[in-house]
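Undergrad: Structure below; questions to follow.
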Amino acid sequence: MTDTAVELPNDAEQPASRPEPPPGARNWRLGIALVLVVAGVWSWTGLDATLQDVLEAPGKALDIVKEMWPPAFKAVIDRGAVGKIFESLYVAWIGTMIGAIISFPLSFLGANNVAPVALRVPIRLLFNAIRAVPELIVAMLLITVVGLGPWAGALAIGLHSVGTLGKLSTEVIETSDEGPLEAISAAGGNWVEKMRWGMVPQVLPTVVGYWLFRFEINVRASAVLGLIGAGGIGGELVSQLNFRNFPEVGAVLLMVITMVLVIDTISGFARRRIIAGSGRKIDDDETSRTVGLIGDLGGSGLT
Amino acid sequence: MSETALPAAARPRKPRPRLGSYVLVVGLACFTVFAARQIDFRWSSFVDMWTNPLWGRFWPVPWDWVLNRRNVFDALIETFQIAIISTIVGCSLALPIGFAMSKLTSPNAPTFWFTRIVMNIVRAIPDLLWGKLLVTAIGIGAFAGTWALTIFSLAVMVKLFSETVDAADPLPLEAARAAGGRHTPAVRTAVLPEVFPAYVAYALYVFELNIRASLVLGLVGAGGIGRIVETQRSTFNFDRLLGILIIMFVIVVIIEQFSVAIRKRLV
Amino acid sequence: MIIFDDVSVTYRGGVHALKNVSLTIDDGEFVVVVGLSGAGKSTLLRALNGLVPATSGSITVDGIEVVGASAKTMREVRSRIGMIFQTFNLVNRTSVMNNVLMGRLAKVPAWKSTLGLWSAEDREQAFMAMERVGIVEKAYVRASNLSGGQQQRVGIARALAQHPKMMLADEPVAALDPVTTHQVMGDLQRINRELGITTLINLHFLDLARHYGRRLIGLRGGELVFDGDISRVDDETFRDIYGRAITPDDLLSESTGA
């Protein structure tokens with residue numbers, strides 16, 4: 001058994017010199033850590049809270065949680081809470097529909113592969129502008145116009161959703177295959193026909209998935225909008241909180257949590273079925289799209 | 001060639017959509033109509049919205065009042081401070097908890113299930129609802145708002161992060177175990193470097209969310225500029241309100257661009 | 001010294017990966033394990049360091065029982081065993097240095113390694129390990145920027161940083177081209193000779209096995225079917241182990257370059 005391995009440099013010859021650690025990385029990390037510490041400390045001073053406040057807060061919160069048990073379901077249901085929960089659902093549903101219906105055609109006008117610049121730019125600006133206004137503010141303004149109640153909430157959710165759904169749908173269109181469009185052109189089709197037969201079938205599964213996802217978020221949003229009187233269970237929650245009826249608060253909270261979890265599960269299930277059924281390949285752009293998509297994860301959607 | 005043509009293949013019938021699909025679509029349509037009526041859907045609103053005389057009161061914006069430090073600026077600073085602390089604290093906690101919540105790196109089954117369930121429930125409560133709850137518990141003001149957003153940031157971050165960890169390469173972790181490492185150091189050396197860029201991207205994203213949320217926290221009494229917004233609205237000073245809204249809008253857009261730019265460099 | 005005593009491993013789902021395997025390996029030996037895919041080679045190695053739990057039988061490493069050992073004991077045993085993998089198992093995003101430092105995990109207190117606080121001694125050991133395989137000039141290069149052969153050397157350095165008594169190599173060269181394959185096999189041979197580290201290597205290519213091995217172990221269907229000095233091995237032996245005729249795919253020299 002001979003050693004035919006290629007001779008590696010061994011210690012007898014000039015040993016390869018040990019490199020120095022690259023300086024840049026270290027500095028970056030220190031710099032960022034410093035920024036975070038400074039920002040954190042500065043923010044802390046502004047909050048006007050002492051260490052004692054911090055230590056006491058969980059205690060106070062826990063006290064309240066204890067008072068929520070047992071949750072007063074009967075009292076709350078007698079006041080029509082179940083109806084309010086459904087009202088929140090209706091608000092979220094209609095809001096999402098409004099958002100979907102308006103944003104879908106607009107998103108075609110905003111895509112850089114199917115629409116001219118003159119249309120694209122204003123449409124995208126519109127989407128971004130709508131997204132930047134918090135939903136709660138929109139609701140607040142709408143209440144002054146259409147009055148208190150669920151309709152203001154649904155409109156607010158609907159209009160805000162136009163922004164996020166519009167942006168997401170535009171991205172889907174831009175990353176789709178343009179081959180079918182070419183084929184339809186060649187066959188003599190006009191722009192609308194190209195979109196209807198060439199683009200819509202491709203993007204619809206993903207876009208509907210986004211609609212469902214938005215619905216999940218809007219359910220949370222509608223619960224919150226109720227806090228300022230735009231209908232739904234939020235109003236009930238606020239009343240109970242103001243009277244400090246904690247068992248009732250507990251009951252309402254549990255109902256909200258259940259509603260959200262149920263909708264999340266159903267919606268998640270539906271979304272998976274749709275994406276699986278479409279057979280659409282998830283490409284590497286998914287990462288960047290996901291990072292963008294998470295722009296809509298969590299929050300009451302008011303963000 | 002002789003004429004033995006094949007018998008014409010029987011033309012297939014167009015596959016009909018399953019009954020279930022019909023039922024689903026019709027059901028959804030009915031539900032939509034029903035829901036619309038329940039919430040007092042009004043077509044007129046789409047027009048009214050634009051022509052309401054109230055809009056006139058929004059203009060012109062009294063910039064001297066709006067840009068006055070005492071009125072708006074201080075509250076804006078508070079808004080930022082809330083967002084910064086919530087993000088830092090929430091995301092820091094989300095690192096270990098996110099690892100605990102991921103199938104790949106969770107130390108044991110009970111921890112995994114416990115954190116998952118708790119976090120899902122926490123996430124089911126919207127951030128502003130947390131705000132209202134905490135205001136009731138510990139009093140009005142930015143302190144409550146910070147707690148609320150911290151809790152919420154934690155829940156959102158943890159979900160995003162644990163999903164990334166789930167998709168991470170398990171092989172280096174195997175090597176770390178094979179070298180005799182304990183669980184936590186193994187995770188830190190073998191998994192963390194892979195998922196760290198995503199972690200930072202998500203943290204930036206959560207910061208964005210928090211800025212937006214903290215802008216409106218004041219509407220439920222939890223500090224920040226929302227308080228001022230509410231005051232102006234209820235006293236019908238719509239012109240001042242518009243000024244504030246414009247500032248909010250600009251801030252959100254700037255932060256978003258900033259955040260997107262940094263995130264692009266990471267992914 | 002490694003002793004397998006009537007060891008069987010059955011995976012969940014009913015696959016009998018190892019059946020009643022018994023063998024003894026003395027310190028300092030250089031052993032090559034061959035067998036078809038699924039014959040149990042990988043399982044044999046992984047049962048040894050507990051990555052796969054043995055269903056029955058006993059495995060002792062230097063007198064310590066591995067089967068059913070506690071987590072603490074297992075870590076102790078593993079710290080003495082260095083392992084290198086076909087897929088290298090490096091952390092791609094980070095530097096070679098950080099990868100090699102992972103070999104020190106068993107020697108450094110958990111809290112320190114969690115915070116990334118490696119001592120000067122740890123770095124010294126890492127450097128020495130890198131020097132031994134000739135990769136030190138790449139210490140701060142990102143692992144994914146290296147070639148396959150270089151990455152495997154990093155894997156070897158990581159194992160060496162443990163100061164192991166034995167080395168397990170699970171098809172270490174299967175993903176490498178012929179030239180690099182010989183480099184890595186030579187490295188392993190040299191380490192065995194110079195440092196006296198007991199070496200157990202799973203190999204797919206039979207000519208490599210015959211060329212580098214000193215003792216050959218053959219597995220077929222989870223059973224030990226050959227255990228002896230390499231000089232007693234001929235084509236007939238391989239055919240018995242494989243249970244079929246040898247094809248060009250089984251030989252490195254005939255392979256189309258990995």
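Residue numbering restarts at 1 in every chain; chains get A, B, ... in the order shown in the structure tokens, and ligands count up from 1 in that same order.
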I'd like the neighbourhood of Ile121 (chain B) as an MDAnalysis selection string, where a residue qualifies if any of its atoms comes within 9 Å (using only C-alpha atoms), though same-chain residues fewer than 6 positions away should be ignored.

TA: (chainID A and resid 257:258 261) or (chainID B and resid 155)

Undergrad: Store the residues of this selection in a file with C-alpha atoms, as a compact mmCIF listing (two decimals), in the first residue's frame.

TA:
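result-v1.txt written:
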```txt
# COMPACT_ATOMS: atom_id res chain seq x y z
CA ILE A 257 -58.98 34.74 19.77
CA THR A 258 -61.18 31.87 18.71
CA LEU A 261 -57.62 31.23 15.02
CA ALA B 155 -45.26 37.16 18.47
```

Undergrad: Starting from chain B, keep only residues with some atom at most 7 Å from an atom of chain A, counting only C-alpha atoms, and report them as an mmCIF file with C-alpha atoms, in the first residue's frame.

TA:
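Once written, part04.cif looks like this:
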```cif
data_model
loop_
_atom_site.group_PDB
_atom_site.id
_atom_site.type_symbol
_atom_site.label_atom_id
_atom_site.label_comp_id
_atom_site.auth_asym_id
_atom_site.auth_seq_id
_atom_site.Cartn_x
_atom_site.Cartn_y
_atom_site.Cartn_z
ATOM 1 C CA THR B 32 -71.337 38.234 0.447
ATOM 2 C CA ALA B 35 -72.909 40.232 4.867
ATOM 3 C CA ALA B 36 -73.258 43.398 2.849
ATOM 4 C CA ILE B 39 -73.341 45.961 7.634
ATOM 5 C CA ASP B 40 -75.401 48.475 5.800
ATOM 6 C CA PHE B 41 -73.500 48.512 2.536
ATOM 7 C CA SER B 45 -70.863 56.068 -0.158
ATOM 8 C CA MET B 49 -66.843 59.990 0.065
ATOM 9 C CA ASN B 52 -68.601 65.492 1.206
ATOM 10 C CA GLU B 78 -42.467 59.582 21.695
ATOM 11 C CA GLN B 81 -39.243 55.800 21.068
ATOM 12 C CA ILE B 84 -37.616 51.466 18.896
ATOM 13 C CA ILE B 85 -37.866 49.888 22.315
ATOM 14 C CA ILE B 121 -52.687 32.884 20.901
ATOM 15 C CA ALA B 124 -54.303 36.242 17.498
ATOM 16 C CA ILE B 125 -54.813 39.416 19.478
ATOM 17 C CA PRO B 126 -54.183 42.427 17.245
ATOM 18 C CA ASP B 127 -51.556 44.919 18.371
ATOM 19 C CA LEU B 128 -53.929 47.725 19.085
ATOM 20 C CA LEU B 129 -56.121 45.452 21.127
ATOM 21 C CA THR B 136 -56.459 49.393 31.200
ATOM 22 C CA ALA B 137 -53.983 47.334 33.133
ATOM 23 C CA ILE B 138 -51.133 49.733 33.691
ATOM 24 C CA ALA B 142 -46.475 55.402 26.233
ATOM 25 C CA PHE B 143 -45.437 52.795 28.765
ATOM 26 C CA VAL B 156 -44.863 38.262 14.862
ATOM 27 C CA TYR B 205 -39.750 44.706 8.921
ATOM 28 C CA LEU B 209 -44.794 47.645 11.574
ATOM 29 C CA ARG B 212 -47.015 52.393 11.894
ATOM 30 C CA ALA B 213 -48.713 50.949 14.917
ATOM 31 C CA PHE B 249 -47.462 59.784 5.775
ATOM 32 C CA VAL B 252 -44.008 56.019 6.954
ATOM 33 C CA VAL B 253 -42.828 56.350 3.386
#
```

Undergrad: Counting only C-alpha atoms, which residue out of C:Gln162, C:Glu236, C:Val173, C:Ile3 sits closest to Gly63 (chain C)?

TA: C:Ile3

Undergrad: Using only C-alpha atoms, determine which residues of chain C fall within 6 Å of chain B; present them as a list in words.

TA: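 My answer is Arg75, Arg78, Ser79, Asn89, Leu90, Val91, Arg93, Gly103, Leu105, Ala106, Ala110, Ser113 and Thr114 of chain C.
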
Undergrad: Please save N, CA and C atoms of the selected residues as a PDB file, in the first residue's frame.

TA:
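Produced file out23.pdb, reproduced below:
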```
ATOM      1  N   ARG C  75     -22.071  12.760  24.836  1.00  0.00           N
ATOM      2  CA  ARG C  75     -21.259  13.922  24.414  1.00  0.00           C
ATOM      3  C   ARG C  75     -19.789  13.646  24.680  1.00  0.00           C
ATOM      4  N   ARG C  78     -18.600  11.345  22.012  1.00  0.00           N
ATOM      5  CA  ARG C  78     -18.504  12.025  20.722  1.00  0.00           C
ATOM      6  C   ARG C  78     -17.336  12.984  20.663  1.00  0.00           C
ATOM      7  N   SER C  79     -16.972  13.521  21.800  1.00  0.00           N
ATOM      8  CA  SER C  79     -15.862  14.472  21.745  1.00  0.00           C
ATOM      9  C   SER C  79     -14.580  13.748  21.390  1.00  0.00           C
ATOM     10  N   ASN C  89     -21.230  19.117   5.477  1.00  0.00           N
ATOM     11  CA  ASN C  89     -21.951  19.650   6.637  1.00  0.00           C
ATOM     12  C   ASN C  89     -21.310  20.885   7.248  1.00  0.00           C
ATOM     13  N   LEU C  90     -20.849  21.785   6.408  1.00  0.00           N
ATOM     14  CA  LEU C  90     -20.296  23.030   6.914  1.00  0.00           C
ATOM     15  C   LEU C  90     -21.386  24.079   7.007  1.00  0.00           C
ATOM     16  N   VAL C  91     -21.157  25.080   7.838  1.00  0.00           N
ATOM     17  CA  VAL C  91     -22.067  26.209   7.886  1.00  0.00           C
ATOM     18  C   VAL C  91     -21.640  27.149   6.759  1.00  0.00           C
ATOM     19  N   ARG C  93     -22.571  29.948   5.433  1.00  0.00           N
ATOM     20  CA  ARG C  93     -22.516  31.408   5.478  1.00  0.00           C
ATOM     21  C   ARG C  93     -21.359  31.953   6.266  1.00  0.00           C
ATOM     22  N   GLY C 103     -15.331  22.245  16.231  1.00  0.00           N
ATOM     23  CA  GLY C 103     -14.703  21.047  16.780  1.00  0.00           C
ATOM     24  C   GLY C 103     -14.375  21.206  18.260  1.00  0.00           C
ATOM     25  N   LEU C 105     -16.386  22.413  20.456  1.00  0.00           N
ATOM     26  CA  LEU C 105     -17.631  22.542  21.227  1.00  0.00           C
ATOM     27  C   LEU C 105     -17.638  21.706  22.496  1.00  0.00           C
ATOM     28  N   ALA C 106     -17.030  20.527  22.415  1.00  0.00           N
ATOM     29  CA  ALA C 106     -17.088  19.665  23.592  1.00  0.00           C
ATOM     30  C   ALA C 106     -16.144  20.126  24.681  1.00  0.00           C
ATOM     31  N   ALA C 110     -20.639  25.469  27.772  1.00  0.00           N
ATOM     32  CA  ALA C 110     -21.758  25.775  26.882  1.00  0.00           C
ATOM     33  C   ALA C 110     -22.041  27.267  26.782  1.00  0.00           C
ATOM     34  N   SER C 113     -19.541  29.033  24.431  1.00  0.00           N
ATOM     35  CA  SER C 113     -19.680  28.800  22.996  1.00  0.00           C
ATOM     36  C   SER C 113     -20.978  29.395  22.473  1.00  0.00           C
ATOM     37  N   THR C 114     -22.006  29.440  23.335  1.00  0.00           N
ATOM     38  CA  THR C 114     -23.255  30.053  22.882  1.00  0.00           C
ATOM     39  C   THR C 114     -23.052  31.523  22.575  1.00  0.00           C
TER      40      THR C 114
END
```

Undergrad: Find the residues of chain C in contact range of chain A, meaning any atom within 7 Å when counting only C-alpha atoms, and list them as a PDB file with C-alpha atoms, in the first residue's frame.

TA:
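New file out-v4.pdb:
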```pdb
ATOM      1  CA  GLY C 134      -3.065  22.778   4.518  1.00  0.00           C
ATOM      2  CA  VAL C 136      -4.911  27.749   6.944  1.00  0.00           C
ATOM      3  CA  GLU C 137      -4.566  30.568   4.436  1.00  0.00           C
ATOM      4  CA  ALA C 139      -9.115  30.735   7.566  1.00  0.00           C
ATOM      5  CA  TYR C 140     -11.358  33.751   7.157  1.00  0.00           C
ATOM      6  CA  HIS C 182      -6.756  11.196  -3.809  1.00  0.00           C
ATOM      7  CA  GLN C 183      -5.729  14.310  -1.907  1.00  0.00           C
ATOM      8  CA  GLY C 186      -4.047  10.801   1.376  1.00  0.00           C
ATOM      9  CA  HIS C 211      -5.628   1.114  -2.811  1.00  0.00           C
ATOM     10  CA  TYR C 212      -5.852   2.872   0.534  1.00  0.00           C
TER      11      TYR C 212
END
```

Undergrad: Counting only C-alpha atoms, which residue out of A:Val172, A:Leu204, A:Ala111, A:Leu212 sits closest to Gly277 (chain A)?

TA: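 Of A:Val172, A:Leu204, A:Ala111, A:Leu212, the one nearest Gly277 (chain A) is A:Leu204, counting only C-alpha atoms.
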
Undergrad: If you count only C-alpha atoms, which residues fall within 6 Å of Ser95 (chain C), apart from same-chain ones fewer than 5 positions away, as a CSV table (one decimal) with C-alpha atoms, in the first residue's frame?

TA:
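Generated file (out_29.csv):
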```
chain,number,residue,atom,x,y,z
C,140,TYR,CA,-11.4,33.8,7.2
C,141,VAL,CA,-12.9,32.9,3.8
C,142,ARG,CA,-16.6,32.1,3.7
C,143,ALA,CA,-17.0,28.4,3.6
```

Undergrad: Determine which residues of region 83-237 of chain C receive a DSSP assignment of strand (DSSP E or B), computed from the backbone, and state them as a VMD selection string.

TA: chain C and resid 83 to 85 95 142 166 to 170 198 to 202 215 to 220 223 to 229

Undergrad: Quick one, how far is CA of Ala17 (chain C) from CA of Leu104 (chain B)?

TA: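 Distance reported for this atom pair: 24.5 Å.
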
Undergrad: Just the residues within 7 Å of Thr199 (chain C), please, counting only C-alpha atoms, with nothing from its chain fewer than 4 positions along; format it as a list in words.

TA: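 After dropping sequence-adjacent residues, the list is Glu29, Phe30, Val31, Met166, Met167, Leu168 and Asn192 of chain C.
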
Undergrad: Have a look at C:Val96, C:Ala245, C:Ala120, C:Ile59 and name the one nearest to Asn145 (chain C); count only C-alpha atoms.

TA: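 The answer is C:Val96, which sits nearest to Asn145 (chain C).
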
Undergrad: Which residues are near Phe112 (chain B)? Cut-off 9 Å, only C-alpha atoms, ignore same chain within fewer than 5 positions. Put them as a list in words.

TA: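 Here the answer would be Ala100, Met101, Ser102, Lys103, Ser106, Pro107 and Ile117 of chain B.
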
Undergrad: Filtering to N, CA and C atoms, could you give me those residues as a CSV table (one decimal), in the first residue's frame?

TA:
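Ended up saving to result.csv:
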```csv
chain,number,residue,atom,x,y,z
B,100,ALA,N,-36.8,27.9,20.0
B,100,ALA,CA,-37.6,27.0,20.8
B,100,ALA,C,-38.8,26.5,20.0
B,101,MET,N,-39.3,27.4,19.1
B,101,MET,CA,-40.5,27.1,18.4
B,101,MET,C,-40.3,26.4,17.1
B,102,SER,N,-39.1,26.1,16.8
B,102,SER,CA,-38.9,25.5,15.5
B,102,SER,C,-38.5,24.0,15.6
B,103,LYS,N,-39.1,23.2,14.7
B,103,LYS,CA,-38.9,21.8,14.8
B,103,LYS,C,-37.4,21.4,14.8
B,106,SER,N,-35.7,22.9,18.4
B,106,SER,CA,-36.3,22.9,19.7
B,106,SER,C,-35.7,21.9,20.6
B,107,PRO,N,-35.4,22.2,21.8
B,107,PRO,CA,-34.7,21.2,22.7
B,107,PRO,C,-35.6,20.0,23.0
B,117,ILE,N,-48.1,27.2,21.0
B,117,ILE,CA,-49.5,27.5,21.3
B,117,ILE,C,-49.6,28.9,21.9
```

Undergrad: Just want the 12 Å neighbourhood of Arg227 (chain B), counted on only C-alpha atoms, with same-chain residues fewer than 2 positions away dropped. Output as a ChimeraX atom specification.

TA: /B:71-72,74-76,78-79,140-142,145,214-225,229-234,241,244
